[in-house]
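Reproduced below: query.cif, with mmCIF, C-alpha atoms.
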data_start
loop_
_atom_site.label_atom_id
_atom_site.label_comp_id
_atom_site.auth_asym_id
_atom_site.auth_seq_id
_atom_site.Cartn_x
_atom_site.Cartn_y
_atom_site.Cartn_z
CA VAL A 69 223.49 -0.08 88.63
CA PRO A 70 224.67 -3.36 90.22
CA ALA A 71 225.76 -5.94 87.66
CA LEU A 72 224.99 -8.82 90.03
CA ARG A 73 222.66 -8.94 93.03
CA GLY A 74 222.09 -11.78 95.48
CA ILE A 75 223.56 -14.54 93.34
CA SER A 76 224.17 -17.89 95.02
CA ILE A 77 224.76 -21.02 92.94
CA ALA A 78 226.40 -24.41 93.45
CA VAL A 79 228.02 -26.42 90.67
CA GLU A 80 229.06 -29.96 91.48
CA PRO A 81 232.03 -31.85 89.95
CA GLY A 82 230.97 -33.56 86.76
CA GLN A 83 228.09 -31.14 86.23
CA PHE A 84 227.68 -28.98 83.13
CA VAL A 85 225.65 -25.83 83.85
CA VAL A 86 224.43 -23.35 81.25
CA VAL A 87 223.82 -19.70 82.17
CA LYS A 88 221.41 -17.84 79.91
CA GLY A 89 219.75 -14.46 79.81
CA ARG A 90 219.31 -11.38 77.69
CA SER A 91 222.21 -9.10 76.86
CA GLY A 92 223.10 -7.11 79.97
CA SER A 93 221.65 -9.64 82.40
CA GLY A 94 225.01 -10.22 84.09
CA LYS A 95 226.03 -13.55 82.56
CA THR A 96 229.60 -12.64 81.66
CA THR A 97 230.08 -10.69 84.88
CA LEU A 98 229.06 -13.80 86.83
CA LEU A 99 231.56 -15.89 84.89
CA ASN A 100 234.33 -13.33 85.48
CA CYS A 101 233.62 -13.30 89.23
CA LEU A 102 233.69 -17.09 89.40
CA GLY A 103 237.04 -17.09 87.62
CA GLY A 104 238.55 -14.33 89.72
CA LEU A 105 238.84 -11.95 86.76
CA ASP A 106 236.48 -9.38 88.33
CA ARG A 107 236.24 -8.42 91.99
CA PRO A 108 232.79 -7.46 93.31
CA THR A 109 232.44 -3.98 94.83
CA SER A 110 230.49 -5.61 97.69
CA GLY A 111 229.72 -9.12 98.82
CA THR A 112 231.98 -12.14 98.51
CA VAL A 113 232.75 -14.83 95.94
CA HIS A 114 233.44 -18.31 97.31
CA VAL A 115 234.74 -20.99 94.94
CA PHE A 116 235.62 -24.43 96.31
CA GLY A 117 235.39 -23.01 99.81
CA ARG A 118 237.85 -20.18 99.14
CA ASP A 119 236.96 -16.52 99.46
CA LEU A 120 238.50 -15.07 96.30
CA GLY A 121 238.36 -11.60 97.81
CA GLN A 122 240.99 -12.65 100.33
CA LEU A 123 243.52 -13.58 97.65
CA SER A 124 246.12 -11.14 96.36
CA ASP A 125 246.45 -10.56 92.62
CA GLU A 126 249.46 -12.90 92.55
CA GLN A 127 247.56 -15.59 94.46
CA LEU A 128 244.57 -15.20 92.16
CA THR A 129 246.77 -15.61 89.10
CA ARG A 130 248.27 -18.80 90.52
CA TRP A 131 244.83 -20.09 91.53
CA ARG A 132 243.39 -19.44 88.06
CA ARG A 133 246.32 -21.12 86.38
CA GLN A 134 246.00 -24.25 88.51
CA GLN A 135 242.27 -24.53 89.17
CA VAL A 136 240.39 -22.85 86.31
CA GLY A 137 240.17 -23.50 82.59
CA PHE A 138 238.85 -20.62 80.47
CA ILE A 139 237.26 -20.90 77.03
CA PHE A 140 236.45 -17.67 75.19
CA GLN A 141 234.57 -17.01 71.96
CA SER A 142 237.67 -15.42 70.41
CA PHE A 143 239.73 -18.65 70.75
CA GLY A 144 242.82 -16.71 71.90
CA LEU A 145 245.31 -19.09 70.30
CA LEU A 146 248.88 -17.91 69.75
CA PRO A 147 249.25 -17.66 65.94
CA THR A 148 252.90 -18.72 65.78
CA LEU A 149 252.38 -21.90 67.81
CA SER A 150 250.94 -25.15 66.48
CA ALA A 151 247.80 -26.72 67.91
CA TYR A 152 249.96 -28.99 70.06
CA GLU A 153 252.18 -26.14 71.25
CA ASN A 154 249.20 -23.95 72.17
CA VAL A 155 247.97 -26.67 74.52
CA GLU A 156 251.42 -27.70 75.76
CA LEU A 157 252.13 -24.08 76.72
CA MET A 158 249.72 -24.33 79.65
CA LEU A 159 251.74 -27.21 81.07
CA ARG A 160 254.94 -25.19 80.67
CA LEU A 161 253.45 -22.27 82.60
CA ASN A 162 252.59 -24.60 85.47
CA GLY A 163 255.94 -26.36 85.37
CA GLU A 164 254.30 -29.68 84.49
CA LEU A 165 255.69 -30.35 81.03
CA ASP A 166 256.92 -33.89 81.63
CA ALA A 167 256.47 -37.05 79.58
CA GLU A 168 253.04 -37.68 81.07
CA GLY A 169 251.96 -34.12 80.26
CA LYS A 170 253.11 -34.41 76.67
CA GLU A 171 251.26 -37.70 76.31
CA ARG A 172 248.14 -36.14 77.84
CA THR A 173 248.33 -33.28 75.33
CA VAL A 174 248.37 -35.67 72.37
CA ARG A 175 245.65 -37.83 73.91
CA LEU A 176 243.34 -34.87 74.58
CA LEU A 177 243.76 -33.35 71.11
CA THR A 178 243.21 -36.78 69.56
CA LEU A 179 240.05 -37.22 71.62
CA LEU A 180 238.87 -33.89 70.20
CA GLY A 181 239.42 -35.13 66.65
CA LEU A 182 242.68 -33.25 66.06
CA GLY A 183 245.13 -36.14 66.19
CA GLU A 184 246.25 -35.48 62.62
CA ARG A 185 246.42 -31.69 63.08
CA LEU A 186 248.87 -31.46 65.97
CA ASP A 187 251.53 -29.55 64.05
CA VAL A 188 249.17 -27.21 62.20
CA LEU A 189 249.08 -23.46 62.92
CA PRO A 190 245.76 -21.86 63.99
CA ARG A 191 245.30 -20.04 60.67
CA GLN A 192 245.27 -23.42 58.92
CA LEU A 193 242.43 -24.71 61.12
CA SER A 194 238.69 -24.14 60.74
CA GLY A 195 236.82 -22.15 63.37
CA GLY A 196 235.48 -25.33 64.94
CA GLN A 197 238.95 -26.88 65.05
CA GLN A 198 240.41 -23.76 66.65
CA GLN A 199 237.73 -23.84 69.33
CA ARG A 200 238.51 -27.50 70.02
CA VAL A 201 242.16 -26.56 70.51
CA ALA A 202 240.96 -23.88 72.94
CA ILE A 203 238.93 -26.52 74.80
CA ALA A 204 242.00 -28.78 75.02
CA ARG A 205 244.06 -25.85 76.32
CA ALA A 206 241.44 -25.17 79.01
CA LEU A 207 241.32 -28.81 80.13
CA ILE A 208 244.96 -29.86 79.87
CA ASN A 209 245.81 -28.92 83.46
CA GLN A 210 242.80 -30.93 84.66
CA PRO A 211 241.19 -27.90 86.33
CA ALA A 212 238.46 -28.26 88.92
CA LEU A 213 236.43 -25.51 87.23
CA VAL A 214 235.85 -24.90 83.50
CA LEU A 215 234.33 -21.57 82.42
CA ALA A 216 233.16 -20.98 78.85
CA ASP A 217 231.95 -17.57 77.67
CA GLU A 218 229.88 -17.80 74.48
CA PRO A 219 232.20 -20.43 72.97
CA THR A 220 229.98 -20.89 69.90
CA ALA A 221 229.30 -17.24 69.05
CA SER A 222 231.57 -17.24 65.99
CA LEU A 223 230.75 -20.76 64.78
CA ASP A 224 228.17 -22.02 62.32
CA THR A 225 225.33 -24.18 63.65
CA GLU A 226 226.87 -27.57 62.92
CA ARG A 227 230.22 -26.70 64.49
CA ALA A 228 228.50 -25.02 67.44
CA PHE A 229 226.63 -28.21 68.32
CA GLN A 230 229.81 -30.27 67.94
CA VAL A 231 231.81 -27.97 70.23
CA VAL A 232 229.23 -27.84 73.03
CA GLU A 233 228.50 -31.57 72.87
CA THR A 234 232.25 -32.26 73.11
CA LEU A 235 232.72 -29.81 75.98
CA ALA A 236 229.81 -31.25 77.97
CA SER A 237 231.06 -34.78 77.38
CA LEU A 238 234.57 -33.94 78.59
CA VAL A 239 233.26 -32.14 81.69
CA HIS A 240 231.34 -35.29 82.60
CA GLU A 241 234.23 -37.65 81.81
CA GLN A 242 236.91 -35.64 83.62
CA ASN A 243 234.65 -34.73 86.55
CA ASN A 244 235.16 -30.97 86.13
CA ALA A 245 232.61 -28.42 87.28
CA GLY A 246 231.58 -26.70 84.04
CA VAL A 247 229.77 -23.40 83.55
CA MET A 248 228.95 -22.07 80.07
CA VAL A 249 227.38 -18.73 79.22
CA THR A 250 225.34 -18.71 76.02
CA HIS A 251 222.61 -16.76 74.27
CA ASP A 252 221.80 -19.74 72.05
CA LEU A 253 218.89 -21.62 73.61
CA ARG A 254 219.52 -24.67 71.44
CA MET A 255 222.68 -25.44 73.40
CA VAL A 256 220.86 -26.08 76.67
CA GLN A 257 220.06 -29.61 75.51
CA TYR A 258 223.57 -30.59 76.64
CA ALA A 259 223.20 -29.05 80.11
CA ASP A 260 222.55 -30.78 83.41
CA ARG A 261 221.07 -27.56 84.74
CA VAL A 262 220.14 -24.15 83.33
CA ILE A 263 220.47 -20.89 85.26
CA GLN A 264 218.36 -18.06 83.88
CA MET A 265 219.43 -14.52 84.79
CA LEU A 266 217.56 -11.24 84.55
CA ASP A 267 218.92 -7.78 85.45
CA GLY A 268 221.77 -9.19 87.52
CA ARG A 269 219.57 -11.56 89.49
CA LEU A 270 219.10 -15.29 89.39
CA GLU A 271 215.58 -15.53 87.96
CA ARG A 272 215.16 -19.29 88.02
CA ILE A 273 216.98 -22.61 87.80
CA LEU A 274 215.86 -25.41 85.50
CA ASP A 275 216.93 -28.99 86.07
CA SER A 276 213.98 -30.78 84.50
CA ARG A 277 214.77 -32.42 81.17
CA ASP A 278 211.31 -31.48 79.88
CA ASP A 279 211.77 -27.80 80.74
CA MET A 280 215.25 -27.73 79.19
CA ALA A 281 213.93 -29.44 76.07
CA CYS A 282 211.35 -26.67 75.80
CA LEU A 283 214.09 -24.06 75.93
CA ALA A 284 216.11 -25.86 73.28
CA ASP A 285 213.17 -26.26 70.93
CA PRO A 286 210.26 -23.98 71.94
CA ALA A 287 208.39 -24.71 68.73
CA GLU A 288 207.78 -28.22 70.03
CA CYS A 289 206.61 -27.13 73.46
CA ARG A 290 203.49 -25.17 74.41
CA MET A 291 203.97 -25.43 78.17
CA ILE A 292 206.29 -22.43 78.42
CA THR A 293 205.30 -19.08 76.90
CA GLY A 294 207.59 -16.93 74.79
CA ASP A 295 208.04 -14.40 77.59
CA ALA A 296 209.00 -17.09 80.09
CA LEU A 297 211.57 -18.49 77.70
CA GLY A 298 213.31 -15.14 77.67
CA TYR A 299 214.24 -14.97 74.00
CA GLU A 300 217.62 -13.35 73.52
CA ARG A 301 217.78 -9.92 71.89
CA GLY A 302 221.54 -9.55 71.71
CA VAL A 303 224.81 -11.37 71.90
CA GLY A 304 226.88 -11.26 75.09
CA ASP A 305 226.80 -8.81 77.96
#
How does this structure look as structure tokens?
Amino acid sequence: VPALRGISIAVEPGQFVVVKGRSGSGKTTLLNCLGGLDRPTSGTVHVFGRDLGQLSDEQLTRWRRQQVGFIFQSFGLLPTLSAYENVELMLRLNGELDAEGKERTVRLLTLLGLGERLDVLPRQLSGGQQQRVAIARALINQPALVLADEPTASLDTERAFQVVETLASLVHEQNNAGVMVTHDLRMVQYADRVIQMLDGRLERILDSRDDMACLADPAECRMITGDALGYERGVGD
């Protein structure tokens, strides 16, 4: 059974796009293809004009490191490194750990409300704080593309809203192209566009504020039926 079929989307710099759909609809597979983590068995994946299928594994690794920022629901922070060191590590891997890079690390973490937690280990941070460190790590190399896979799945409601609002704001400010997969319809209120998937296909695209408001709070909207909203029945793909 094909995981993805006939998908064609465009995400502009400075645009925050949310991908939604039931479990098994292909959301995470789409994200992995965009980030060069998965290779399609047929068809091509073009990102910023490049055919990722033409890149070797080594070239893909270099491309991801320089052009893509990943945010996962599991945070993925190194437990023996401080918040600052977890972010700084990405600059080291790219050979860009200079004075400007160090200053950018402090500035970004401070912008995310962690200015007084720079030297704290992950286990001493709350879930929301750890996810904000993960966001800083994804953005520190100023990537053209930011991919977030269910970044709020392990957070409580208040922290979830804070994380997504912060991520959307930074995507707009830094002019990244941002794509976030989520099963939580409430988070679409921060999106510029919503892509709804069903059985590996692109079912529809919403860019109307009214339609997205209906998705975020269906109790307040009678224009879209429950079936059309595509209520989620599981978490992740």
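Nearest-residue note for Glu153 in chain A: choosing from A:Leu253, A:Ala284, A:Ala202, A:Leu186, the minimum distance belongs to A:Leu186, counting only C-alpha atoms.
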- prompt: Using only C-alpha atoms, which of A:Leu238, A:Leu149, A:Met248, A:Gly144 sits nearest Gln199 in chain A?
  reply: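 That would be A:Gly144, the residue with the smallest distance to Gln199 in chain A.
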message: Using Å and a single decimal, report how far CA of Gly94 in chain A sits from CA of Leu207 in chain A.
response: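 A separation of 25.0 Å between them.
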field: Explicit residues for the PyMOL selection byres ((chain A and resi 241) around 12) (as a ChimeraX atom specification)
entry: /A:81-84,176,179,207,210,234-240,242-246
Restrict the selected residues to C-alpha atoms and save them as an mmCIF file, in the coordinates of the input.
data_model
loop_
_atom_site.group_PDB
_atom_site.id
_atom_site.type_symbol
_atom_site.label_atom_id
_atom_site.label_comp_id
_atom_site.auth_asym_id
_atom_site.auth_seq_id
_atom_site.Cartn_x
_atom_site.Cartn_y
_atom_site.Cartn_z
ATOM 1 C CA PRO A 81 232.030 -31.850 89.950
ATOM 2 C CA GLY A 82 230.970 -33.560 86.760
ATOM 3 C CA GLN A 83 228.090 -31.140 86.230
ATOM 4 C CA PHE A 84 227.680 -28.980 83.130
ATOM 5 C CA LEU A 176 243.340 -34.870 74.580
ATOM 6 C CA LEU A 179 240.050 -37.220 71.620
ATOM 7 C CA LEU A 207 241.320 -28.810 80.130
ATOM 8 C CA GLN A 210 242.800 -30.930 84.660
ATOM 9 C CA THR A 234 232.250 -32.260 73.110
ATOM 10 C CA LEU A 235 232.720 -29.810 75.980
ATOM 11 C CA ALA A 236 229.810 -31.250 77.970
ATOM 12 C CA SER A 237 231.060 -34.780 77.380
ATOM 13 C CA LEU A 238 234.570 -33.940 78.590
ATOM 14 C CA VAL A 239 233.260 -32.140 81.690
ATOM 15 C CA HIS A 240 231.340 -35.290 82.600
ATOM 16 C CA GLN A 242 236.910 -35.640 83.620
ATOM 17 C CA ASN A 243 234.650 -34.730 86.550
ATOM 18 C CA ASN A 244 235.160 -30.970 86.130
ATOM 19 C CA ALA A 245 232.610 -28.420 87.280
ATOM 20 C CA GLY A 246 231.580 -26.700 84.040
#
message: Please enumerate the residues selected by the PyMOL selection byres ((chain A and resi 102-116) around 12) when evaluated against the supplied file, formatted as a ChimeraX atom specification.
response: /A:69-81,95-101,117-139,211-217,245-248
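In terms of minimum interatomic distance to Gln264 in chain A, A:Leu283 ranks closest within A:Asn162, A:Leu283, A:Asp278, A:Asp187, counting only C-alpha atoms.
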message: For a test of reading the model, state the distance in Å between CA of Val174 in chain A and CA of Asp260 in chain A, rounded to one decimal.
response: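 We find that CA of Val174 in chain A and CA of Asp260 in chain A lie 28.5 Å from each other.
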query: Distance CA of Gly89 in chain A-CA of Val232 in chain A, one decimal place?
result: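 Calculated distance between CA of Gly89 in chain A and CA of Val232 in chain A is 17.7 Å.
Nearest to Gly92 in chain A of all the residues A:Asp279, A:Asp267, A:Glu171, A:Glu184 is A:Asp267, counting only C-alpha atoms.
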Hits from the PyMOL selection byres ((chain A and resi 200) around 9), listed as a ChimeraX atom specification: /A:143,177,180-182,195-199,201-205,231,234-235
task: Between A:Leu145, A:Ile263, A:Leu270, A:Ala281, single out the one closest to Val86 in chain A, counting only C-alpha atoms.
output: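 For Val86 in chain A, the nearest of the given residues is A:Ile263.
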message: Can you tell me which residues surround Met280 in chain A at a distance of at most 8 Å, considering only C-alpha atoms, apart from same-chain residues fewer than 4 positions away, and format the answer as a list in words?
response: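 Using only C-alpha atoms, the neighbours found are Val256, Gln257, Val262, Leu274, Asp275, Ser276 and Ala284 of chain A.
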message: For Leu189 in chain A, find every residue with an atom within 9 Å (counting only C-alpha atoms), except residues of its own chain fewer than 4 positions away, and show them as a list in words.
response: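 Everything that qualifies: Leu146, Pro147, Thr148, Leu149, Ser150, Ala151, Arg185 and Leu193 of chain A.
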